[in-house]
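Shown next, in structure tokens, is the structure this report addresses.
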Protein chains: 4
Amino acid sequence: MNECSFILVNSYSLKVESMKDAVQEQLIAARRNQILEAATRVFAEKGFHLTTIKDIAKAAGIADGTIYNYFENKTALMLSILDLMNESDQRSEDFSKFSAMDFRSFIKGYMRHRLMVLKADNFGIFRVVISEVMVNQELRTLYYQKIIEPTFIMAEQFFQQWADQHIIKPIDINLTMRATSGMILGLIMLHIMGDTLLDEKWDALPDFLTDLLLDGIGDKP
Amino acid sequence: MNECSFILVNSYSLKVESMKDAVQEQLIAARRNQILEAATRVFAEKGFHLTTIKDIAKAAGIADGTIYNYFENKTALMLSILDLMNESDQRSEDFSKFSAMDFRSFIKGYMRHRLMVLKADNFGIFRVVISEVMVNQELRTLYYQKIIEPTFIMAEQFFQQWADQHIIKPIDINLTMRATSGMILGLIMLHIMGDTLLDEKWDALPDFLTDLLLDGIGDKP
Amino acid sequence: MNECSFILVNSYSLKVESMKDAVQEQLIAARRNQILEAATRVFAEKGFHLTTIKDIAKAAGIADGTIYNYFENKTALMLSILDLMNESDQRSEDFSKFSAMDFRSFIKGYMRHRLMVLKADNFGIFRVVISEVMVNQELRTLYYQKIIEPTFIMAEQFFQQWADQHIIKPIDINLTMRATSGMILGLIMLHIMGDTLLDEKWDALPDFLTDLLLDGIGDKP
Amino acid sequence: MNECSFILVNSYSLKVESMKDAVQEQLIAARRNQILEAATRVFAEKGFHLTTIKDIAKAAGIADGTIYNYFENKTALMLSILDLMNESDQRSEDFSKFSAMDFRSFIKGYMRHRLMVLKADNFGIFRVVISEVMVNQELRTLYYQKIIEPTFIMAEQFFQQWADQHIIKPIDINLTMRATSGMILGLIMLHIMGDTLLDEKWDALPDFLTDLLLDGIGDKP
DNA sequence: TATGAATGAGCATTCATTCAT
DNA sequence: CATGAATGAATGCTCATTCAT
């Protein structure tokens, strides 16, 4: 064995090492996701407080203790679910496809996107997150910082641009954004609370809300 | 003792009985309210699940067991609080004072009313009710039937009337109502979640929202 | 009913009240003792860490939860047992019966007392207390302050008095006390560790130790 | 390959084997010591029950599972630590250096040795061992057989010899030894329990105790 | 009716030990 | 032999609810 082969071997073993590490990391990530997925499912069904660690472990097909190899405690599961929601939001928040559209289509497209994504899984985890956020200060802060604030920061650019182009009136942009988001959020909550009419007309909402938002309901002859 | 006296006594005792009953009922109602008031206070502070019966009993200045003489269980307390909110809503929902106003003033007045009432006690019990409603089917149904539905039914009359008078456009009234309520509900939730801008501009909201709702944000030259 | 009778009635009801309270207090004290007695028994048998709350509850014939109506937690039980030991020490520490004796008899009497009391219940709880004291800072401090220090303070007076009367040599009283207590403590521990010879000759110890302490083992012709 | 080469090879391989074995054994012993050293350190700091296998593994820089390749279970670690203490005792118990001294110097030297060795590492593992010994029958027996009994057996020879030479009085040697050891043990425990005076005067103890033991405290004119 | 002590099911969390890799 | 993820039994503690007084 010459020096060169020694180096090669070494390099090979390094490669193997790093490959092992990579595999390890993937396994860990997979297990984490498995647990989070199960937790999301059970939380969505029974709510945070009525869900036991045993429930989640059973749903994930693992032992109770294993969960604690991946998460500090029950609350940490909730926080991680928030992160997951955040990530999936970020990933899906692809505005490029909307940007070529005219203004009205953009708003409609965006609303359709938001309303459909949540409807898709029946507002499951959203319900639980909101429930806990209402009552848990830590989660509340996290939710605002990770999900709501970033959205506002991004949305502000759009609204500002539209205001500059005189597409929308020169009104308080911050309040406008909040009124808009609030409307969507509130409608989702009304739906969750069991408003059947909203359920029936959910698909019509994007168009309806866009018109309402842009034109108002006042009848000006 | 003759028959007559028997009757008299009887009649007297009945009277006394019924008087006693009346007093009793009042006492019972008073105690119930005492408990509910305490429960509301503690729930608002700590949330439903972190509040113990002992907490409530202590806040009400009575023994744990006494609560169970007036309420089936902890959940029943929550339901009764809902009823209380409902009643106070009904009582305050005095539209007569608004009815003389012109349309825009009416909307502004109504919004101001709703937004201020909740802000007043810092959204305390509202937060908890929402939290539980998100997660508890029974409560959800009750909340919808007792609070949301009645509001919609009443509001519908107003909107219909305005539509007939061509004050608002001939659009889907049901969706309009829901969008309006949703907007208010959503803004309250954004405030609860810690949106500081909303907190600062809360007083400006009624006027802003009314204009937004009636005129839209689109800039039509 | 005149004022006087009113006062009497009042005074009577006060009396009843205070009697009820007194009974209550006795019941509470009784239950506390019941639990402590059970805890002492089980701790002595299995040691602190291997004893479960369920064990103690079972031994006391009550439910697990009841224990927590009387003690903060498992550790508090241990601390209370210390207090109990302390109290019983104080009560039994009646030196008056020794004080009439001559010096040598006094020492013998005291040693006999200490060695017999502990032997009586087979060093049971003493073993556990020592075990925990070795390892638990809080308990250690408490044990020293409540049991050891008071003993030293009292003993110091005796030794000082004997030194003044030239009954004992003018040596370091503090070290002497500690050596004496240490000897007793150490012998108890050797017994606990299973020294059979000590067990056999336990009754001879008081006399032996007294002579050893007073005269030394050195053979001075 | 002929027979001879076979033998050679065989013999060679045997040699290699046995060399390998020797190396292996050394490696095993080294790993065992590494683990025991770590365990001793952590036990001394946190106590037996509050120390986890993970703690020890981390302190030893190895994986949890590895410990179980060298020790049956957590208790076995404790037992092995006892053995280690025993060995180090045996090794240090070199009385030859004392044997030339006169009697009083011998006792002083021995006491100084015992008291300093333990003080040196702040009674760390001693505290834990005593704690467990108090409560664990198996450990108790082992401790007595491996540490206490051998000491007594050896000490007996010395005392017997001194008695024969009329250096010490013709008293019960077994009780004398126990009283002496007990005194040292008890003083160590008082120190552990936080007696500050003992801590200050620790260095003066050997001389003080020797005089006390030999001459007694009685003032005989 | 009021009390509050007693109950005991229920749960989050820990950790010694195992075992596949 | 080393690893460390997986296991799941075990436990301290909580708290809604009951019930004797």
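Here, A, B, ... name the chains of the structure tokens in the order displayed, residue numbers run from 1 inside each chain, and ligands are numbered from 1 in the same displayed order.
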
For range 12-19 of chain F: contacts at 12 Å, only C-alpha atoms (C1' of nucleotides), fewer than 4 positions along chain excluded, given as a PyMOL selection string = (chain B and resi 49-55+64-69+71-75) or (chain C and resi 49+51-54+64-69+71-75) or (chain E and resi 3-14)

If you take only C-alpha atoms (C1' of nucleotides) and a cut-off of 7 Å, which residues of chain F touch chain A, and what are their nearest atom pairs and distances in Å to one decimal, in chain and number order, as JSON lines?
{"residue": "F:DA6", "atom": "C1'", "partner": "A:Thr66", "partner_atom": "CA", "distance": 6.2}
{"residue": "F:DT7", "atom": "C1'", "partner": "A:Ala63", "partner_atom": "CA", "distance": 6.3}
{"residue": "F:DG8", "atom": "C1'", "partner": "A:Ala63", "partner_atom": "CA", "distance": 6.9}

inquiry  = With 7 Å as the limit and counting only C-alpha atoms, what residues in chain C lie close to chain D? Please list them as a PyMOL selection string.
reply    = chain C and resi 47+127-128+130-132+134-135+140+144+166-169+178-179+182-183+185-187+190+193-194+212-219

query = Expressed in Å to a single decimal, how great is the separation between CA of Phe106 in chain C and CA of Phe159 in chain D?
reply =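 Separation of CA of Phe106 in chain C and CA of Phe159 in chain D: 29.1 Å.
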
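Here CA of Arg114 in chain A and CA of Pro206 in chain A stand 9.3 Å from one another.
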
inquiry  = Could you pull out the helix (DSSP H, G or I) residues of range 104-215 of chain C, going by DSSP on the backbone, and write them as a count of residues only?
reply    = 95

message = Show me, as a PyMOL selection string, the residues that have an atom within 10 Å of Tyr70 in chain C when counting only C-alpha atoms (C1' of nucleotides), minus same-chain residues fewer than 5 positions from it.
response = chain C and resi 28-29+31-33+35-36+65+76-77
